[in-house]
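**Q** If it helps, the file is called structure_1.cif and holds mmCIF, C-alpha atoms:
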```cif
data_input
loop_
_atom_site.label_atom_id
_atom_site.label_comp_id
_atom_site.auth_asym_id
_atom_site.auth_seq_id
_atom_site.Cartn_x
_atom_site.Cartn_y
_atom_site.Cartn_z
CA MET A 1 0.00 0.00 0.00
CA ARG A 2 2.76 2.40 0.97
CA PHE A 3 4.72 1.38 -2.12
CA LEU A 4 1.70 2.13 -4.33
CA VAL A 5 1.06 5.59 -2.84
CA VAL A 6 4.71 6.63 -3.18
CA PHE A 7 4.83 5.22 -6.71
CA ILE A 8 1.76 7.23 -7.81
CA ILE A 9 3.10 10.46 -6.32
CA LEU A 10 6.49 9.94 -7.98
CA PHE A 11 4.93 9.05 -11.31
CA ILE A 12 2.77 12.21 -11.38
CA HIS A 13 5.95 14.19 -10.82
CA TRP A 14 7.72 12.23 -13.55
CA ILE A 15 4.98 13.15 -16.04
CA ILE A 16 5.02 16.84 -15.09
CA TRP A 17 8.79 17.18 -15.23
CA SER A 18 9.49 15.07 -18.33
CA GLY A 19 6.63 16.31 -20.53
CA GLN A 20 7.05 13.31 -22.85
CA PHE A 21 4.06 11.06 -23.47
CA ASP A 22 5.46 8.37 -25.78
CA ALA A 23 5.71 4.74 -24.66
CA PHE A 24 9.50 4.82 -24.29
CA HIS A 25 9.60 7.68 -21.77
CA LEU A 26 6.56 6.47 -19.84
CA SER A 27 8.03 2.98 -19.45
CA LEU A 28 11.32 4.51 -18.31
CA GLY A 29 9.26 6.44 -15.74
CA VAL A 30 7.51 3.30 -14.53
CA ILE A 31 10.86 1.51 -14.09
CA SER A 32 12.67 4.32 -12.28
CA CYS A 33 9.69 5.34 -10.09
CA GLY A 34 9.17 1.67 -9.19
CA LEU A 35 12.83 1.32 -8.24
CA VAL A 36 12.87 4.49 -6.13
CA ALA A 37 9.55 3.63 -4.45
CA PHE A 38 10.79 0.10 -3.71
CA ILE A 39 14.03 1.32 -2.12
CA SER A 40 12.86 4.41 -0.25
CA SER A 41 9.08 4.32 0.29
CA ASN A 42 9.62 3.98 4.05
CA ILE A 43 11.54 7.27 4.07
CA MET A 44 8.75 9.31 2.50
CA PHE A 45 5.96 8.03 4.76
CA GLN A 46 6.54 6.48 8.13
CA ARG A 47 2.97 5.35 8.62
CA SER A 48 1.31 2.47 6.84
CA ASP A 49 -2.33 3.62 7.12
CA PHE A 50 -3.38 5.81 4.21
CA LYS A 51 -7.14 6.21 4.77
CA GLU A 52 -6.69 9.75 6.07
CA LEU A 53 -4.20 10.85 3.41
CA PRO A 54 -6.61 12.40 0.80
CA LYS A 55 -8.41 14.32 3.54
CA GLU A 56 -5.13 15.53 5.02
CA ALA A 57 -3.79 16.57 1.61
CA LEU A 58 -6.98 18.54 0.87
CA ARG A 59 -6.89 20.27 4.27
CA PHE A 60 -3.18 20.99 3.76
CA PHE A 61 -3.76 22.69 0.41
CA THR A 62 -6.63 24.84 1.69
CA TYR A 63 -4.36 25.71 4.61
CA LEU A 64 -1.61 26.77 2.17
CA PHE A 65 -3.92 29.43 0.70
CA TRP A 66 -4.69 30.82 4.15
CA LEU A 67 -0.97 30.75 4.93
CA TYR A 68 -0.21 32.64 1.74
CA TRP A 69 -2.54 35.41 2.87
CA GLN A 70 -0.70 35.47 6.20
CA THR A 71 2.60 35.75 4.30
CA ILE A 72 1.33 38.84 2.48
CA LEU A 73 0.27 40.39 5.81
CA SER A 74 3.63 39.61 7.40
CA ASN A 75 5.46 41.15 4.46
CA ILE A 76 3.50 44.37 4.89
CA HIS A 77 4.40 44.25 8.59
CA ILE A 78 8.13 43.80 7.89
CA LEU A 79 8.04 46.42 5.11
CA LYS A 80 6.72 49.02 7.55
CA ILE A 81 9.54 48.21 9.97
CA VAL A 82 12.31 48.07 7.38
CA PHE A 83 11.44 51.31 5.61
CA SER A 84 10.74 53.38 8.74
CA HIS A 85 13.33 55.87 9.95
CA ASP A 86 12.53 55.11 13.60
CA MET A 87 13.15 51.39 13.16
CA TYR A 88 14.76 50.90 16.58
CA ASP A 89 11.66 52.28 18.31
CA ARG A 90 9.43 49.81 16.54
CA ILE A 91 11.31 46.61 17.30
CA ASN A 92 11.84 44.95 20.65
CA PRO A 93 13.05 41.44 19.88
CA LYS A 94 12.95 38.60 22.37
CA VAL A 95 12.86 34.82 22.47
CA VAL A 96 9.53 33.38 23.56
CA LYS A 97 9.13 29.80 24.77
CA PHE A 98 5.88 27.90 24.97
CA LYS A 99 4.60 24.35 25.16
CA THR A 100 2.58 22.74 22.39
CA PHE A 101 0.07 19.91 22.37
CA LEU A 102 1.11 18.71 18.91
CA GLN A 103 2.71 15.27 18.70
CA LYS A 104 3.19 14.22 15.09
CA ASP A 105 6.28 15.31 13.18
CA SER A 106 4.25 16.54 10.21
CA SER A 107 2.06 18.85 12.30
CA LEU A 108 5.09 20.11 14.24
CA VAL A 109 6.81 21.04 10.96
CA THR A 110 3.66 22.66 9.57
CA PHE A 111 3.21 24.70 12.72
CA ALA A 112 6.90 25.74 12.77
CA ASN A 113 6.79 26.90 9.16
CA SER A 114 3.50 28.72 9.79
CA ILE A 115 5.04 30.61 12.69
CA THR A 116 7.92 31.66 10.46
CA LEU A 117 5.55 32.94 7.78
CA THR A 118 3.12 34.84 10.03
CA PRO A 119 3.83 38.46 11.04
CA GLY A 120 6.79 39.17 13.29
CA THR A 121 7.78 35.67 14.40
CA VAL A 122 10.46 33.13 13.44
CA THR A 123 10.79 29.65 14.92
CA ILE A 124 14.35 29.07 16.04
CA TYR A 125 14.26 25.88 18.07
CA ILE A 126 11.99 22.98 18.91
CA LYS A 127 12.87 20.69 21.79
CA ASP A 128 10.77 18.30 23.89
CA GLY A 129 7.47 19.74 22.67
CA ARG A 130 8.56 23.30 23.42
CA TYR A 131 8.85 25.97 20.77
CA TYR A 132 11.50 28.70 20.96
CA VAL A 133 10.18 31.58 18.87
CA HIS A 134 11.95 34.83 18.07
CA ALA A 135 9.38 37.63 18.17
CA ILE A 136 10.24 41.04 16.80
CA ASP A 137 8.07 43.09 19.17
CA GLU A 138 5.97 42.77 22.30
CA SER A 139 2.51 42.58 20.72
CA VAL A 140 3.29 39.62 18.44
CA ALA A 141 5.02 37.86 21.33
CA GLN A 142 1.84 38.01 23.39
CA GLY A 143 -0.25 36.76 20.46
CA LEU A 144 1.50 33.37 20.40
CA PRO A 145 0.68 30.55 19.79
CA GLY A 146 -2.51 31.86 18.21
CA ASP A 147 -5.08 29.73 16.41
CA MET A 148 -2.48 28.34 13.98
CA GLU A 149 -1.61 25.64 16.48
CA LYS A 150 -5.17 24.31 16.35
CA LYS A 151 -5.25 24.65 12.56
CA SER A 152 -2.01 22.72 12.09
CA GLY A 153 -3.26 20.07 14.50
CA PHE A 154 -6.58 19.89 12.66
CA ILE A 155 -4.89 19.15 9.31
CA PHE A 156 -3.27 16.00 10.66
CA GLY A 157 -6.14 14.98 12.90
CA GLU A 158 -4.82 16.10 16.29
CA GLU A 159 -7.04 17.76 18.86
CA HIS A 160 -6.31 19.76 21.97
CA LYS A 161 -6.89 17.49 24.94
CA ASN A 162 -8.12 20.21 27.28
CA GLY A 163 -10.78 21.39 24.85
CA MET B 1 1.61 45.13 -25.00
CA ASN B 2 -1.30 42.81 -24.44
CA PRO B 3 -3.01 42.35 -21.05
CA ILE B 4 -1.06 39.19 -20.17
CA GLU B 5 2.26 40.98 -20.68
CA ILE B 6 1.12 43.91 -18.53
CA ILE B 7 -0.14 41.69 -15.69
CA SER B 8 3.00 39.53 -15.66
CA ALA B 9 5.22 42.63 -15.75
CA ILE B 10 3.34 44.01 -12.73
CA LEU B 11 3.64 40.70 -10.85
CA ILE B 12 7.38 40.39 -11.54
CA SER B 13 7.97 44.02 -10.48
CA VAL B 14 6.03 43.55 -7.24
CA GLY B 15 8.05 40.39 -6.53
CA ILE B 16 11.32 42.21 -7.16
CA PHE B 17 10.16 45.01 -4.87
CA PHE B 18 9.62 42.51 -2.03
CA LEU B 19 13.05 40.97 -2.67
CA PHE B 20 14.55 44.46 -2.54
CA ALA B 21 12.76 45.16 0.75
CA GLY B 22 14.09 41.90 2.15
CA THR B 23 17.62 42.92 1.24
CA VAL B 24 17.17 46.36 2.82
CA GLY B 25 16.00 44.58 5.97
CA LEU B 26 19.03 42.28 5.81
CA ILE B 27 21.28 45.33 5.91
CA ARG B 28 19.35 47.50 8.37
CA LEU B 29 18.14 45.16 11.10
CA PRO B 30 20.44 44.74 14.10
CA ASP B 31 21.21 41.01 14.47
CA LEU B 32 20.99 37.61 12.80
CA TYR B 33 17.56 36.65 14.16
CA CYS B 34 15.95 39.92 13.12
CA ARG B 35 17.54 39.62 9.70
CA MET B 36 15.99 36.18 9.39
CA HIS B 37 12.59 37.89 9.76
CA SER B 38 13.15 40.03 6.71
CA THR B 39 14.75 37.40 4.45
CA GLY B 40 12.52 34.53 5.51
CA LYS B 41 9.31 36.38 4.71
CA ALA B 42 10.17 38.82 1.95
CA ASP B 43 12.01 36.21 -0.13
CA THR B 44 9.14 33.73 0.14
CA LEU B 45 6.58 36.23 -1.12
CA GLY B 46 8.90 37.89 -3.64
CA ILE B 47 9.97 34.66 -5.32
CA THR B 48 6.47 33.17 -5.45
CA ILE B 49 4.95 36.35 -6.93
CA SER B 50 7.76 36.66 -9.50
CA LEU B 51 7.42 33.01 -10.49
CA THR B 52 3.64 33.43 -10.90
CA GLY B 53 4.35 36.33 -13.24
CA ILE B 54 6.87 34.27 -15.22
CA ALA B 55 4.43 31.33 -15.45
CA LEU B 56 1.75 33.69 -16.77
CA TYR B 57 4.13 35.27 -19.28
CA ASN B 58 5.04 31.79 -20.52
CA LEU B 59 1.40 31.32 -21.63
CA ASN B 60 1.64 34.49 -23.73
CA ASP B 61 2.60 32.76 -26.98
CA GLY B 62 -0.44 30.50 -26.93
CA VAL B 63 -1.89 27.88 -24.62
CA THR B 64 -0.49 24.55 -25.78
CA LEU B 65 0.26 21.36 -23.87
CA VAL B 66 3.98 22.16 -23.77
CA SER B 67 3.56 25.71 -22.50
CA VAL B 68 1.01 24.61 -19.87
CA LEU B 69 3.45 21.95 -18.67
CA VAL B 70 6.26 24.50 -18.44
CA SER B 71 4.01 26.87 -16.46
CA LEU B 72 3.05 23.98 -14.20
CA LYS B 73 6.75 23.28 -13.58
CA ILE B 74 7.34 26.92 -12.66
CA MET B 75 4.40 26.84 -10.24
CA THR B 76 5.77 23.62 -8.72
CA ILE B 77 9.03 25.48 -8.07
CA ALA B 78 6.99 28.27 -6.42
CA VAL B 79 5.20 25.79 -4.10
CA PHE B 80 8.52 24.12 -3.29
CA TRP B 81 10.00 27.53 -2.46
CA PHE B 82 7.02 28.34 -0.26
CA ILE B 83 7.73 25.23 1.82
CA ALA B 84 11.55 25.21 1.64
CA ASN B 85 12.33 28.85 2.46
CA PRO B 86 10.83 28.88 5.99
CA THR B 87 12.56 25.55 6.60
CA ALA B 88 15.92 26.99 5.53
CA THR B 89 15.30 30.05 7.71
CA HIS B 90 14.58 27.74 10.62
CA ALA B 91 17.77 25.74 9.91
CA ILE B 92 19.97 28.87 9.96
CA ALA B 93 18.30 30.32 13.07
CA ARG B 94 18.46 26.96 14.83
CA SER B 95 22.16 26.43 14.21
CA ALA B 96 22.84 30.01 15.35
CA TYR B 97 20.88 29.36 18.54
CA GLU B 98 22.66 26.06 19.14
CA SER B 99 26.07 27.65 18.74
CA GLY B 100 25.11 30.15 21.44
CA ILE B 101 24.60 33.43 19.58
CA LYS B 102 22.66 35.74 21.89
CA PRO B 103 19.77 37.67 20.35
CA TRP B 104 20.04 41.46 20.27
CA THR B 105 17.63 43.01 22.77
CA LYS B 106 16.68 46.44 24.02
CA GLU B 107 16.20 45.50 27.65
CA GLY B 108 17.84 42.80 29.68
CA THR B 109 15.14 40.15 29.21
CA VAL B 110 16.23 37.81 26.45
CA GLU B 111 13.94 34.86 26.97
CA VAL B 112 10.30 34.89 28.03
CA ASP B 113 8.48 31.75 29.11
CA LEU B 114 4.87 32.26 28.02
CA ASP B 115 3.51 29.31 30.01
CA GLU B 116 5.00 30.53 33.31
CA GLN B 117 3.95 34.10 32.57
CA ARG B 118 0.35 33.09 31.89
CA ALA B 119 0.23 30.86 34.96
CA LYS B 120 1.31 33.85 37.07
CA GLU B 121 -1.29 36.10 35.50
CA GLN B 122 -4.05 33.63 36.30
CA LYS B 123 -3.08 33.64 39.99
#
```
With the file now loaded, output its structure as structure tokens.
**A**
Amino acid sequence: MRFLVVFIILFIHWIIWSGQFDAFHLSLGVISCGLVAFISSNIMFQRSDFKELPKEALRFFTYLFWLYWQTILSNIHILKIVFSHDMYDRINPKVVKFKTFLQKDSSLVTFANSITLTPGTVTIYIKDGRYYVHAIDESVAQGLPGDMEKKSGFIFGEEHKNG
Amino acid sequence: MNPIEIISAILISVGIFFLFAGTVGLIRLPDLYCRMHSTGKADTLGITISLTGIALYNLNDGVTLVSVLVSLKIMTIAVFWFIANPTATHAIARSAYESGIKPWTKEGTVEVDLDEQRAKEQK
């Protein structure tokens, strides 16, 4: 099952990147994708249950659009700071630590990248379920972790235990 | 100039403007972590907007299977960049933090523990 999923993903990429639709190139694709999927399918996915995968992929792509909007907002935020003449009055950087309820690697990575792309924050370290976030001023530091934590958890089917 | 050329020129210019702003931030901001703010965000948006403009311009000569595939490749690069750039930012900031580089601060407080702070506020 895992082999098949990895093979299909690789083969879609093969078709996009090669752009050749004759029998020779497609059979080359089948051989090489099969070889790669056989050798390294356990690297790409660690789980063996794929029932949730289409749902997760769909949620992830809708999340990407929301995240892109956040990236635009954070760029406007950093533009205002960078092009202001009183830049040192506007920034007050500090490292903020907080605990997270997320467990899976994929949701941890999604949440870390989301923090980096939202206004005024960059993830610098993750250790033992604690995030070390560099915040550029006081107001964004107090806004952490925000509702992104729940959103990232929701994509991969994790819920906050305390409601 | 047809509309597609104008729109793609605008998109590419806006992307270059964000890249420029990121570089200005790289020079102006005080320390490594703050500079990561400007490059990590401005580059992500600048590159993806520029690549969207290039993908659109590629369709200018006519929508054929080959040109659509090339545009799709360019957009795949944009999505890859959108995922890889924050990860690279995190890698640089993480290795800086591990090698003990102290963040630049205004006051003495470098690190704030939000959980402890909130627990105190509730009492």
**Q** So which residues are close to (12.2, 41.9, -1.5), meaning at most 9 Å away in the file's coordinates with only C-alpha atoms counted, and can you show them as a ChimeraX atom specification?
**A** /B:14-25,38-39,41-47
**Q** List the residues selected by the PyMOL selection byres ((chain B) within 6 of (chain A)) in the file shown, writing them as a list in words.
**A**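 Answer for the PyMOL selection byres ((chain B) within 6 of (chain A)): Gly25, Lys41, Ala42, Pro86, His90, Ala93, Arg94, Thr105, Val110, Glu111, Val112, Asp113, Leu114 and Asp115 of chain B.
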**Q** Could you check how far atom CA of Glu149 of chain A sits from atom CA of Thr100 of chain A, in Å to one decimal?
**A**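 Separation between atom CA of Glu149 of chain A and atom CA of Thr100 of chain A: 7.8 Å.
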**Q** Atom CA of Trp81 of chain B to atom CA of Thr48 of chain B: how many Å, to one decimal?
**A**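 Pair atom CA of Trp81 of chain B / atom CA of Thr48 of chain B returns 7.3 Å.
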**Q** Find the distance between atom CA of Leu108 of chain A and atom CA of Ala91 of chain B and write it in Å to one decimal.
**A**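 Interatomic distance, atom CA of Leu108 of chain A to atom CA of Ala91 of chain B: 14.5 Å.
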**Q** When distances are computed from all atoms listed in the file, which of A:Asp137, A:Glu56, A:Asp86, A:Asp128 shows the smallest separation from Leu102 of chain A?
**A** A:Asp128
**Q** From the options A:Phe156, A:Arg130, A:Met1, A:Ser139, which residue's atoms come nearest to Arg90 of chain A, counting only C-alpha atoms?
**A**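 Distance minimum relative to Arg90 of chain A lands on A:Ser139.
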**Q** Please write the residues picked by the PyMOL selection byres ((chain B and resi 70-78) around 9) on this file as a list in words.
**A**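 On this input, the PyMOL selection byres ((chain B and resi 70-78) around 9) captures Ile16, Trp17 and Gly19 of chain A; Thr44, Ile47, Thr48, Ile49, Ser50, Leu51, Thr52, Ile54, Ala55, Leu56, Tyr57, Asn58, Leu59, Leu65, Val66, Ser67, Val68, Leu69, Val79, Phe80, Trp81, Phe82 and Ile83 of chain B.
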**Q** Since the input is missing atoms, can you rebuild N, CA and C atoms for segment 54-66 of chain B and write them as an mmCIF file, keeping the file's coordinate frame?
**A**
```
data_model
loop_
_atom_site.group_PDB
_atom_site.id
_atom_site.type_symbol
_atom_site.label_atom_id
_atom_site.label_comp_id
_atom_site.auth_asym_id
_atom_site.auth_seq_id
_atom_site.Cartn_x
_atom_site.Cartn_y
_atom_site.Cartn_z
ATOM 1 N N ILE B 54 6.137 34.947 -14.145
ATOM 2 C CA ILE B 54 6.870 34.270 -15.220
ATOM 3 C C ILE B 54 6.013 33.158 -15.827
ATOM 4 N N ALA B 55 5.296 32.403 -14.946
ATOM 5 C CA ALA B 55 4.430 31.330 -15.450
ATOM 6 C C ALA B 55 3.334 31.885 -16.338
ATOM 7 N N LEU B 56 2.809 33.052 -15.960
ATOM 8 C CA LEU B 56 1.750 33.690 -16.770
ATOM 9 C C LEU B 56 2.321 34.168 -18.096
ATOM 10 N N TYR B 57 3.512 34.759 -18.058
ATOM 11 C CA TYR B 57 4.130 35.270 -19.280
ATOM 12 C C TYR B 57 4.427 34.131 -20.253
ATOM 13 N N ASN B 58 4.724 32.963 -19.697
ATOM 14 C CA ASN B 58 5.040 31.790 -20.520
ATOM 15 C C ASN B 58 3.830 31.376 -21.368
ATOM 16 N N LEU B 59 2.608 31.668 -20.878
ATOM 17 C CA LEU B 59 1.400 31.320 -21.630
ATOM 18 C C LEU B 59 1.085 32.351 -22.703
ATOM 19 N N ASN B 60 1.912 33.375 -22.823
ATOM 20 C CA ASN B 60 1.640 34.490 -23.730
ATOM 21 C C ASN B 60 1.587 34.053 -25.193
ATOM 22 N N ASP B 61 2.491 33.146 -25.576
ATOM 23 C CA ASP B 61 2.600 32.760 -26.980
ATOM 24 C C ASP B 61 1.534 31.764 -27.427
ATOM 25 N N GLY B 62 0.606 31.442 -26.560
ATOM 26 C CA GLY B 62 -0.440 30.500 -26.930
ATOM 27 C C GLY B 62 -0.488 29.356 -25.944
ATOM 28 N N VAL B 63 -1.729 28.935 -25.619
ATOM 29 C CA VAL B 63 -1.890 27.880 -24.620
ATOM 30 C C VAL B 63 -1.810 26.535 -25.322
ATOM 31 N N THR B 64 -0.633 25.908 -25.261
ATOM 32 C CA THR B 64 -0.490 24.550 -25.780
ATOM 33 C C THR B 64 -0.116 23.629 -24.635
ATOM 34 N N LEU B 65 -0.077 22.325 -24.930
ATOM 35 C CA LEU B 65 0.260 21.360 -23.870
ATOM 36 C C LEU B 65 1.646 21.631 -23.309
ATOM 37 N N VAL B 66 2.601 21.947 -24.220
ATOM 38 C CA VAL B 66 3.980 22.160 -23.770
ATOM 39 C C VAL B 66 4.072 23.392 -22.871
#
```
